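K.L.:
Structure supplied as upload-v5.json; contents: JSON, C-alpha atoms.
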```json
[["chain", "number", "residue", "atom", "x", "y", "z"],
["A", 14, "MET", "CA", 4.36, -0.54, -5.24],
["A", 15, "GLU", "CA", 2.65, -2.06, -8.25],
["A", 16, "ALA", "CA", 2.68, 1.32, -10.01],
["A", 17, "THR", "CA", 6.41, 1.68, -9.35],
["A", 18, "LEU", "CA", 7.10, -1.78, -10.77],
["A", 19, "PHE", "CA", 4.99, -0.95, -13.82],
["A", 20, "TRP", "CA", 7.01, 2.15, -14.61],
["A", 21, "ILE", "CA", 10.26, 0.28, -13.94],
["A", 22, "GLY", "CA", 9.16, -2.32, -16.48],
["A", 23, "CYS", "CA", 8.30, 0.40, -18.99],
["A", 24, "GLY", "CA", 11.69, 2.02, -18.39],
["A", 25, "LEU", "CA", 13.50, -1.27, -19.01],
["A", 26, "GLY", "CA", 11.52, -1.79, -22.20],
["A", 27, "ALA", "CA", 12.43, 1.70, -23.42],
["A", 28, "TYR", "CA", 16.07, 1.10, -22.53],
["A", 29, "GLY", "CA", 16.01, -2.16, -24.52],
["A", 30, "VAL", "CA", 14.68, -0.30, -27.57],
["A", 31, "VAL", "CA", 17.49, 2.28, -27.26],
["A", 32, "LEU", "CA", 20.13, -0.47, -27.04],
["A", 33, "ARG", "CA", 18.73, -2.21, -30.11],
["A", 34, "GLN", "CA", 18.96, 1.04, -32.09],
["A", 35, "ILE", "CA", 22.53, 1.59, -30.92],
["A", 36, "PHE", "CA", 23.59, -1.90, -31.99],
["A", 37, "LYS", "CA", 22.27, -1.13, -35.47],
["A", 38, "ARG", "CA", 24.77, 1.72, -35.77],
["A", 39, "ASP", "CA", 28.38, 0.54, -35.69],
["A", 40, "THR", "CA", 29.71, 4.09, -35.48],
["A", 41, "TRP", "CA", 27.95, 4.58, -32.15],
["A", 42, "ILE", "CA", 29.32, 1.33, -30.77],
["A", 43, "GLN", "CA", 32.85, 2.35, -31.77],
["A", 44, "LYS", "CA", 32.54, 5.49, -29.63],
["A", 45, "ARG", "CA", 33.68, 4.05, -26.32],
["A", 46, "ILE", "CA", 31.92, 6.71, -24.25],
["A", 47, "ILE", "CA", 28.46, 5.47, -25.34],
["A", 48, "PRO", "CA", 28.83, 1.81, -24.20],
["A", 49, "VAL", "CA", 30.54, 2.98, -21.00],
["A", 50, "ALA", "CA", 27.79, 5.48, -20.11],
["A", 51, "LEU", "CA", 24.95, 3.10, -20.97],
["A", 52, "HIS", "CA", 26.47, 0.20, -19.00],
["A", 53, "LEU", "CA", 27.03, 2.37, -15.94],
["A", 54, "LEU", "CA", 23.45, 3.65, -16.21],
["A", 55, "PHE", "CA", 22.15, 0.08, -16.48],
["A", 56, "MET", "CA", 24.13, -1.19, -13.48],
["A", 57, "ALA", "CA", 23.05, 1.79, -11.35],
["A", 58, "ALA", "CA", 19.41, 1.13, -12.30],
["A", 59, "VAL", "CA", 19.72, -2.57, -11.45],
["A", 60, "GLY", "CA", 21.26, -1.72, -8.07],
["A", 61, "ALA", "CA", 18.48, 0.78, -7.33],
["A", 62, "LEU", "CA", 15.85, -1.82, -8.28],
["A", 63, "VAL", "CA", 17.41, -4.42, -5.96],
["A", 64, "GLY", "CA", 17.52, -1.81, -3.17],
["A", 65, "PHE", "CA", 13.88, -0.92, -3.79],
["A", 66, "VAL", "CA", 12.74, -4.56, -3.62],
["A", 67, "PHE", "CA", 14.80, -5.15, -0.47],
["A", 68, "SER", "CA", 13.37, -2.04, 1.18],
["A", 69, "ALA", "CA", 9.81, -2.94, 0.19],
["A", 70, "SER", "CA", 10.17, -6.42, 1.67],
["A", 71, "THR", "CA", 11.82, -5.44, 4.95],
["A", 72, "ASP", "CA", 10.62, -1.96, 5.96],
["A", 73, "LEU", "CA", 7.27, -2.19, 7.72],
["A", 74, "HIS", "CA", 6.08, 1.17, 6.42],
["A", 75, "GLY", "CA", 6.99, 0.49, 2.80],
["A", 76, "PRO", "CA", 9.92, 1.35, 0.53],
["A", 77, "THR", "CA", 12.31, 4.09, 1.69],
["A", 78, "PRO", "CA", 14.80, 5.97, -0.54],
["A", 79, "GLN", "CA", 17.93, 4.98, 1.41],
["A", 80, "TRP", "CA", 18.19, 1.42, 0.08],
["A", 81, "PRO", "CA", 17.56, 2.24, -3.61],
["A", 82, "MET", "CA", 20.18, 5.01, -3.40],
["A", 83, "ALA", "CA", 22.69, 2.68, -1.75],
["A", 84, "GLY", "CA", 21.92, -0.05, -4.29],
["A", 85, "GLY", "CA", 22.35, 2.41, -7.15],
["A", 86, "MET", "CA", 25.77, 3.48, -5.88],
["A", 87, "LEU", "CA", 26.83, -0.15, -5.42],
["A", 88, "GLY", "CA", 25.64, -1.01, -8.93],
["A", 89, "LEU", "CA", 27.59, 1.96, -10.28],
["A", 90, "MET", "CA", 30.75, 0.73, -8.56],
["A", 91, "ILE", "CA", 30.28, -2.82, -9.86],
["A", 92, "GLY", "CA", 29.71, -1.49, -13.37],
["A", 93, "ALA", "CA", 32.87, 0.61, -13.16],
["A", 94, "GLY", "CA", 34.79, -2.44, -11.99],
["A", 95, "GLN", "CA", 33.51, -4.48, -14.94],
["A", 96, "LEU", "CA", 34.57, -1.76, -17.35],
["A", 97, "LEU", "CA", 38.06, -1.66, -15.88],
["A", 98, "TRP", "CA", 38.27, -5.46, -16.16],
["A", 99, "VAL", "CA", 37.46, -5.45, -19.90],
["A", 100, "LYS", "CA", 39.33, -2.23, -20.66],
["A", 101, "ALA", "CA", 42.14, -4.01, -22.44],
["A", 102, "LYS", "CA", 39.76, -5.82, -24.78],
["A", 103, "PRO", "CA", 38.88, -3.86, -27.95],
["A", 104, "ASP", "CA", 35.22, -4.91, -27.88],
["A", 105, "GLY", "CA", 34.88, -5.09, -24.09],
["A", 106, "GLY", "CA", 32.32, -2.29, -23.81],
["A", 107, "SER", "CA", 30.07, -3.65, -26.54],
["A", 108, "THR", "CA", 30.24, -7.14, -24.99],
["A", 109, "LEU", "CA", 28.99, -5.78, -21.68],
["A", 110, "LEU", "CA", 26.29, -3.84, -23.51],
["A", 111, "ALA", "CA", 25.16, -7.01, -25.29],
["A", 112, "GLY", "CA", 24.86, -8.72, -21.90],
["A", 113, "ASP", "CA", 22.82, -5.76, -20.62],
["A", 114, "LEU", "CA", 20.43, -6.08, -23.56],
["A", 115, "GLU", "CA", 19.93, -9.77, -22.87],
["A", 116, "TRP", "CA", 19.09, -9.07, -19.23],
["A", 117, "VAL", "CA", 16.70, -6.25, -20.19],
["A", 118, "GLU", "CA", 14.78, -8.39, -22.67],
["A", 119, "THR", "CA", 14.52, -11.19, -20.12],
["A", 120, "SER", "CA", 13.40, -9.11, -17.17],
["A", 121, "PHE", "CA", 11.23, -6.25, -18.41],
["A", 122, "SER", "CA", 8.27, -8.43, -19.37],
["A", 123, "ALA", "CA", 8.52, -10.34, -16.07],
["A", 124, "ILE", "CA", 8.43, -7.07, -14.11],
["A", 125, "LEU", "CA", 5.46, -5.79, -16.10],
["A", 126, "LEU", "CA", 3.63, -9.07, -15.48],
["A", 127, "ALA", "CA", 4.41, -8.86, -11.76],
["A", 128, "SER", "CA", 3.01, -5.31, -11.60],
["A", 129, "VAL", "CA", -0.22, -6.42, -13.33],
["A", 130, "ILE", "CA", -0.61, -9.35, -10.92],
["A", 131, "MET", "CA", -0.06, -7.05, -7.93],
["A", 132, "TYR", "CA", -2.57, -4.53, -9.28],
["A", 133, "ALA", "CA", -5.32, -6.99, -10.17],
["A", 134, "VAL", "CA", -4.88, -10.34, -8.44],
["A", 135, "LEU", "CA", -2.62, -10.73, -5.42],
["A", 136, "GLN", "CA", -0.37, -8.51, -3.35],
["A", 137, "ALA", "CA", 1.85, -9.03, -0.33],
["A", 138, "PHE", "CA", 1.31, -6.73, 2.65],
["A", 139, "LYS", "CA", 3.05, -6.21, 5.99],
["A", 140, "ILE", "CA", 1.39, -5.16, 9.23],
["A", 141, "PRO", "CA", 3.08, -1.91, 10.35],
["A", 142, "SER", "CA", 1.19, -1.19, 13.58],
["A", 143, "GLY", "CA", -0.82, -2.78, 16.37],
["A", 144, "SER", "CA", -4.20, -1.45, 15.28],
["A", 145, "MET", "CA", -5.44, -4.92, 14.26],
["A", 146, "GLU", "CA", -4.26, -6.82, 17.35],
["A", 147, "ASP", "CA", -4.89, -9.55, 18.27],
["A", 148, "THR", "CA", -6.11, -10.67, 14.83],
["A", 149, "LEU", "CA", -2.93, -9.43, 13.13],
["A", 150, "LEU", "CA", 0.34, -8.58, 14.83],
["A", 151, "ILE", "CA", 3.10, -6.13, 13.93],
["A", 152, "GLY", "CA", 5.37, -7.78, 11.37],
["A", 153, "ASP", "CA", 2.82, -10.29, 10.08],
["A", 154, "HIS", "CA", 3.16, -10.81, 6.32],
["A", 155, "LEU", "CA", -0.04, -11.57, 4.45],
["A", 156, "PHE", "CA", -1.50, -11.89, 0.99],
["A", 157, "VAL", "CA", -4.27, -9.55, -0.15],
["A", 158, "ASN", "CA", -6.91, -10.85, -2.58],
["A", 159, "LYS", "CA", -7.32, -7.94, -5.01],
["A", 160, "PHE", "CA", -9.60, -9.75, -7.43],
["A", 161, "ILE", "CA", -12.55, -10.48, -5.13],
["A", 162, "TYR", "CA", -13.94, -6.92, -5.09],
["A", 163, "GLY", "CA", -13.26, -6.36, -8.78],
["A", 164, "ILE", "CA", -10.39, -4.83, -10.73],
["A", 165, "ARG", "CA", -10.51, -1.05, -10.67],
["A", 166, "ILE", "CA", -10.08, 0.50, -14.10],
["A", 167, "PRO", "CA", -7.14, 2.96, -13.80],
["A", 168, "PHE", "CA", -8.09, 6.63, -13.42],
["A", 169, "THR", "CA", -11.76, 5.74, -12.81],
["A", 170, "ASP", "CA", -13.94, 4.51, -9.93],
["A", 171, "LYS", "CA", -15.34, 1.63, -12.01],
["A", 172, "ARG", "CA", -14.56, -2.03, -11.23],
["A", 173, "VAL", "CA", -14.83, -5.04, -13.50],
["A", 174, "PHE", "CA", -14.85, -8.82, -12.92],
["A", 175, "LYS", "CA", -16.18, -8.37, -9.39],
["A", 176, "VAL", "CA", -16.75, -11.59, -7.44],
["A", 177, "ARG", "CA", -18.69, -9.95, -4.60],
["A", 178, "ASP", "CA", -19.12, -6.73, -2.63],
["A", 179, "VAL", "CA", -17.52, -5.95, 0.70],
["A", 180, "ARG", "CA", -19.38, -7.59, 3.59],
["A", 181, "ARG", "CA", -19.54, -6.51, 7.20],
["A", 182, "GLY", "CA", -16.66, -8.13, 9.00],
["A", 183, "ASP", "CA", -14.29, -8.30, 6.02],
["A", 184, "VAL", "CA", -10.71, -7.28, 6.80],
["A", 185, "VAL", "CA", -9.83, -4.90, 3.98],
["A", 186, "VAL", "CA", -6.71, -3.19, 2.69],
["A", 187, "PHE", "CA", -7.07, 0.29, 1.22],
["A", 188, "GLU", "CA", -5.17, 3.43, 0.37],
["A", 189, "ALA", "CA", -5.36, 5.82, 3.30],
["A", 190, "PRO", "CA", -7.51, 8.90, 2.67],
["A", 191, "PRO", "CA", -5.55, 12.18, 2.87],
["A", 192, "GLU", "CA", -7.20, 13.01, 6.21],
["A", 193, "ALA", "CA", -5.71, 9.81, 7.67],
["A", 194, "ILE", "CA", -2.14, 10.99, 6.97],
["A", 195, "LEU", "CA", -1.29, 12.78, 10.21],
["A", 196, "SER", "CA", 2.00, 14.31, 9.07],
["A", 197, "ARG", "CA", 1.39, 17.61, 7.29],
["A", 198, "ASP", "CA", 4.68, 17.25, 5.43],
["A", 199, "GLU", "CA", 3.63, 13.82, 4.09],
["A", 200, "ARG", "CA", 0.23, 15.17, 3.05],
["A", 201, "GLU", "CA", 1.83, 18.06, 1.17],
["A", 202, "ARG", "CA", 4.24, 15.67, -0.57],
["A", 203, "GLY", "CA", 1.37, 13.40, -1.56],
["A", 204, "VAL", "CA", 2.73, 10.39, 0.32],
["A", 205, "LYS", "CA", 0.48, 7.34, -0.09],
["A", 206, "LYS", "CA", 0.08, 4.64, 2.56],
["A", 207, "ASP", "CA", -1.92, 1.44, 2.72],
["A", 208, "PHE", "CA", -4.07, 0.76, 5.80],
["A", 209, "ILE", "CA", -5.71, -2.45, 6.96],
["A", 210, "LYS", "CA", -8.92, -2.41, 9.02],
["A", 211, "ARG", "CA", -12.15, -4.32, 9.47],
["A", 212, "ALA", "CA", -15.21, -3.10, 7.58],
["A", 213, "VAL", "CA", -17.92, -2.82, 10.26],
["A", 214, "GLY", "CA", -20.34, -0.58, 8.35],
["A", 215, "LEU", "CA", -21.52, -0.40, 4.76],
["A", 216, "ALA", "CA", -23.09, 2.42, 2.75],
["A", 217, "GLY", "CA", -26.38, 3.51, 4.34],
["A", 218, "ASP", "CA", -25.61, 1.98, 7.76],
["A", 219, "THR", "CA", -26.07, 4.04, 10.90],
["A", 220, "ILE", "CA", -23.03, 3.71, 13.17],
["A", 221, "GLU", "CA", -22.91, 4.55, 16.85],
["A", 222, "ILE", "CA", -20.56, 3.66, 19.71],
["A", 223, "LYS", "CA", -21.79, 3.80, 23.30],
["A", 224, "ASN", "CA", -19.30, 3.10, 26.05],
["A", 225, "LYS", "CA", -17.10, 1.16, 23.60],
["A", 226, "GLN", "CA", -20.00, -0.98, 22.35],
["A", 227, "LEU", "CA", -20.49, -0.76, 18.57],
["A", 228, "TYR", "CA", -24.04, -0.46, 17.24],
["A", 229, "VAL", "CA", -24.92, -0.86, 13.57],
["A", 230, "ASN", "CA", -28.43, 0.23, 12.65],
["A", 231, "GLY", "CA", -29.30, 0.17, 16.35],
["A", 232, "VAL", "CA", -28.16, -3.43, 16.86],
["A", 233, "ALA", "CA", -25.26, -4.18, 19.23],
["A", 234, "GLN", "CA", -22.48, -6.03, 17.41],
["A", 235, "ILE", "CA", -21.23, -9.04, 19.34],
["A", 236, "ASN", "CA", -18.23, -10.81, 17.84],
["A", 237, "PRO", "CA", -14.88, -12.19, 19.07],
["A", 238, "HIS", "CA", -12.56, -9.92, 17.10],
["A", 239, "PRO", "CA", -12.40, -6.57, 18.96],
["A", 240, "VAL", "CA", -10.09, -6.19, 21.95],
["A", 241, "TYR", "CA", -10.07, -3.35, 24.47],
["A", 242, "LYS", "CA", -6.73, -2.71, 26.16],
["A", 243, "ASP", "CA", -7.77, 0.39, 28.07],
["A", 244, "ARG", "CA", -10.26, -0.49, 30.80],
["A", 245, "PHE", "CA", -11.27, 3.12, 31.30],
["A", 246, "VAL", "CA", -14.33, 4.30, 29.35],
["A", 247, "TYR", "CA", -14.10, 7.93, 28.32],
["A", 248, "PRO", "CA", -17.37, 9.91, 28.26],
["A", 249, "ALA", "CA", -18.64, 11.56, 25.11],
["A", 250, "ALA", "CA", -16.99, 14.91, 24.40],
["A", 251, "GLN", "CA", -19.25, 17.95, 24.46],
["A", 252, "LEU", "CA", -18.59, 19.23, 20.95],
["A", 253, "GLY", "CA", -21.66, 21.45, 20.73],
["A", 254, "LEU", "CA", -22.61, 20.18, 17.28],
["A", 255, "THR", "CA", -26.03, 19.49, 15.85],
["A", 256, "PRO", "CA", -26.52, 15.99, 14.36],
["A", 257, "ALA", "CA", -26.18, 17.47, 10.86],
["A", 258, "ASP", "CA", -22.98, 19.32, 11.75],
["A", 259, "TYR", "CA", -21.62, 16.20, 13.46],
["A", 260, "GLN", "CA", -22.17, 14.23, 10.23],
["A", 261, "THR", "CA", -20.54, 16.97, 8.16],
["A", 262, "TYR", "CA", -17.54, 17.29, 10.46],
["A", 263, "TRP", "CA", -17.05, 13.52, 10.44],
["A", 264, "GLU", "CA", -17.34, 13.16, 6.65],
["A", 265, "SER", "CA", -14.79, 15.95, 6.13],
["A", 266, "GLY", "CA", -12.27, 14.20, 8.39],
["A", 267, "ARG", "CA", -12.12, 17.02, 10.93],
["A", 268, "PHE", "CA", -12.34, 14.61, 13.87],
["A", 269, "ALA", "CA", -8.78, 13.52, 13.02],
["A", 270, "GLU", "CA", -7.68, 16.56, 15.02],
["A", 271, "LEU", "CA", -9.35, 15.25, 18.19],
["A", 272, "ARG", "CA", -7.84, 12.99, 20.82],
["A", 273, "ARG", "CA", -8.98, 9.38, 21.12],
["A", 274, "GLU", "CA", -10.44, 10.14, 24.53],
["A", 275, "GLN", "CA", -12.90, 12.59, 22.97],
["A", 276, "ILE", "CA", -14.70, 10.29, 20.51],
["A", 277, "GLY", "CA", -13.04, 6.87, 20.69],
["A", 278, "ASP", "CA", -15.40, 5.31, 23.26],
["A", 279, "ASN", "CA", -18.55, 7.31, 22.51],
["A", 280, "PHE", "CA", -19.14, 8.25, 18.90],
["A", 281, "GLY", "CA", -21.99, 9.11, 16.55],
["A", 282, "PRO", "CA", -24.55, 8.40, 15.43],
["A", 283, "ILE", "CA", -23.49, 8.94, 11.81],
["A", 284, "LYS", "CA", -24.67, 7.52, 8.51],
["A", 285, "VAL", "CA", -22.16, 5.93, 6.14],
["A", 286, "PRO", "CA", -22.33, 7.77, 2.78],
["A", 287, "ALA", "CA", -22.91, 6.06, -0.56],
["A", 288, "ASN", "CA", -19.95, 4.15, -2.06],
["A", 289, "SER", "CA", -18.16, 4.20, 1.30],
["A", 290, "TYR", "CA", -17.41, 2.01, 4.31],
["A", 291, "PHE", "CA", -16.91, 2.48, 8.04],
["A", 292, "VAL", "CA", -13.71, 0.69, 9.07],
["A", 293, "MET", "CA", -12.17, 0.09, 12.49],
["A", 294, "GLY", "CA", -9.13, -1.71, 13.84],
["A", 295, "ASP", "CA", -9.74, -4.75, 16.03],
["A", 296, "ASN", "CA", -7.59, -3.10, 18.69],
["A", 297, "ARG", "CA", -10.33, -0.58, 19.33],
["A", 298, "ASP", "CA", -8.37, 1.45, 21.91],
["A", 299, "GLY", "CA", -5.27, 1.62, 19.71],
["A", 300, "SER", "CA", -6.66, 2.22, 16.24],
["A", 301, "PHE", "CA", -6.72, 5.45, 14.25],
["A", 302, "ASP", "CA", -9.66, 4.68, 12.01],
["A", 303, "ALA", "CA", -12.92, 5.90, 10.44],
["A", 304, "ARG", "CA", -14.09, 7.30, 13.77],
["A", 305, "PHE", "CA", -11.52, 10.04, 13.29],
["A", 306, "TRP", "CA", -10.77, 10.55, 9.61],
["A", 307, "GLY", "CA", -14.20, 9.78, 8.17],
["A", 308, "PRO", "CA", -15.64, 7.33, 5.63],
["A", 309, "MET", "CA", -13.39, 5.11, 3.52],
["A", 310, "PRO", "CA", -14.39, 5.60, -0.15],
["A", 311, "ASN", "CA", -14.79, 2.53, -2.36],
["A", 312, "ARG", "CA", -12.35, 4.05, -4.88],
["A", 313, "LEU", "CA", -9.54, 3.60, -2.33],
["A", 314, "LEU", "CA", -10.35, -0.06, -1.69],
["A", 315, "LYS", "CA", -7.55, -2.43, -2.74],
["A", 316, "GLY", "CA", -8.63, -5.88, -1.62],
["A", 317, "LYS", "CA", -9.50, -8.37, 1.10],
["A", 318, "ALA", "CA", -6.88, -9.62, 3.54],
["A", 319, "TRP", "CA", -6.63, -13.33, 2.79],
["A", 320, "ILE", "CA", -3.92, -15.35, 4.53],
["A", 321, "VAL", "CA", -0.95, -14.78, 6.86],
["A", 322, "TYR", "CA", 2.06, -16.54, 5.32],
["A", 323, "TRP", "CA", 4.85, -15.34, 7.63],
["A", 324, "PRO", "CA", 6.01, -16.03, 10.30],
["A", 325, "LEU", "CA", 5.45, -19.74, 9.86],
["A", 326, "ASN", "CA", 3.97, -20.24, 13.32],
["A", 327, "ARG", "CA", 1.19, -17.76, 12.46],
["A", 328, "ILE", "CA", 0.07, -19.12, 9.08],
["A", 329, "LYS", "CA", -3.72, -18.81, 8.97],
["A", 330, "VAL", "CA", -6.70, -17.69, 6.93],
["A", 331, "ILE", "CA", -7.79, -14.24, 8.12],
["A", 332, "GLU", "CA", -11.32, -14.02, 9.47]]
```
Taking this structure as input, can you express it in the form of structure tokens?

P.N.:
Amino acid sequence: MEATLFWIGCGLGAYGVVLRQIFKRDTWIQKRIIPVALHLLFMAAVGALVGFVFSASTDLHGPTPQWPMAGGMLGLMIGAGQLLWVKAKPDGGSTLLAGDLEWVETSFSAILLASVIMYAVLQAFKIPSGSMEDTLLIGDHLFVNKFIYGIRIPFTDKRVFKVRDVRRGDVVVFEAPPEAILSRDERERGVKKDFIKRAVGLAGDTIEIKNKQLYVNGVAQINPHPVYKDRFVYPAAQLGLTPADYQTYWESGRFAELRREQIGDNFGPIKVPANSYFVMGDNRDGSFDARFWGPMPNRLLKGKAWIVYWPLNRIKVIE
């Protein structure tokens, strides 16, 4: 979402520059078609932006195109109504255009600043599924601390201003690897989704699950966060793979094609590759996680889940 806001801000800035150039040329302003077209374009863009923000704040799985399209159409209708209202005035179109310019110059910098804050400091996130129950519930709204693990330099894997590294037990938000996108159509369209899981293994750790019990470097992990809602323990699937092939299959995300019953309760051992993490949902029987789609690369890491702020009766610091 932060990238979308950034480009929206850039678009508003460019639109403001165009309007300034038009106002410098009286002959262009006198051509009624130019103010009319630019005002309608502006109102449609504002409506689409409002629809995008509304969709992003209400739809659990992120912004959808329906609301921006509806908002754009509504903005277009409002703009047309404004033009009809000032039609009788000789300078009605230019007056509306002057108002548009004022709004653009006021808002574009604010939107750019918001996109930078969301990219580098703090971002709101909604829980779309039950994979983190009972720590986080469907519909919980939370803030993600994006500064703690460092700010990723765009188009690189490098991070700057890092406070600390990921620790075992951190609840992290990250961009889903392609192998974690189950829909082939979404993968082909390059759809991006954010996931939230608990980091249970770091680079170099050996991970194994025996009868639902997680072992890290041979040590059973005992903590209060995981829940198991299926009392049945499924035996390890006979995949006929050597340890090396098992590691390769897992790293390539090919286990995403398997059913939970095949590797969910008995998995590994595998070794977490460099610059990667092993992440799992706290709802261990209802989480599609690193057991299936492989390691989570550091380059996809976005931040640490910090605090639930909505609903009010669930406000808490996330542990």

K.L.:
Using all atoms listed in the file for the distances, tell me which of A:Gln251, A:Gln95, A:Asn236, A:Thr119 is nearest to A:Gly182.

P.N.:
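Of all the options, A:Asn236 lies closest to A:Gly182.
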
K.L.:
Take atom CA of A:Gly294 and atom CA of A:Met145 and report the distance between them in Å, one decimal.

P.N.:
4.9 Å

K.L.:
Near A:Leu135, within 9 Å and counting all atoms listed in the file, which residues show up once chain neighbours fewer than 4 positions away are dropped, as a list in words?

P.N.:
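My reading of the contact set: Ile130, Met131, Phe156, Val157, Asn158, Lys159, Phe160 and Gly316 of chain A.
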
K.L.:
So, counting all atoms listed in the file, which residue among A:Leu87, A:Ala250, A:Ile46, A:Val229 is closest to A:Asp278?

P.N.:
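Among the listed residues, A:Ala250 lies closest to A:Asp278.
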
K.L.:
Which one is closest to A:Gly92: A:Ala269, A:Ala193, A:Ala58, A:Ala257? Count only C-alpha atoms.

P.N.:
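Closest candidate: A:Ala58.
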
K.L.:
Restricting the calculation to all atoms listed in the file, which member of A:Ala189, A:Ile161, A:Met86, A:Leu325 is positioned closest to A:Arg177?

P.N.:
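When distances to A:Arg177 are compared using all atoms listed in the file, the smallest one comes from A:Ile161.
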
K.L.:
Quick one: pull the distance between atom CA of A:Lys317 and atom CA of A:Val285, Å, one decimal.

P.N.:
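Those two atoms sit 19.8 Å apart.
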
K.L.:
Nearest to A:Ala133 among A:Pro167, A:Gly112, A:Gly88, A:Gly24, with distances taken over only C-alpha atoms: which residue is it?

P.N.:
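Answer, going by the shortest atom-to-atom distance: A:Pro167.
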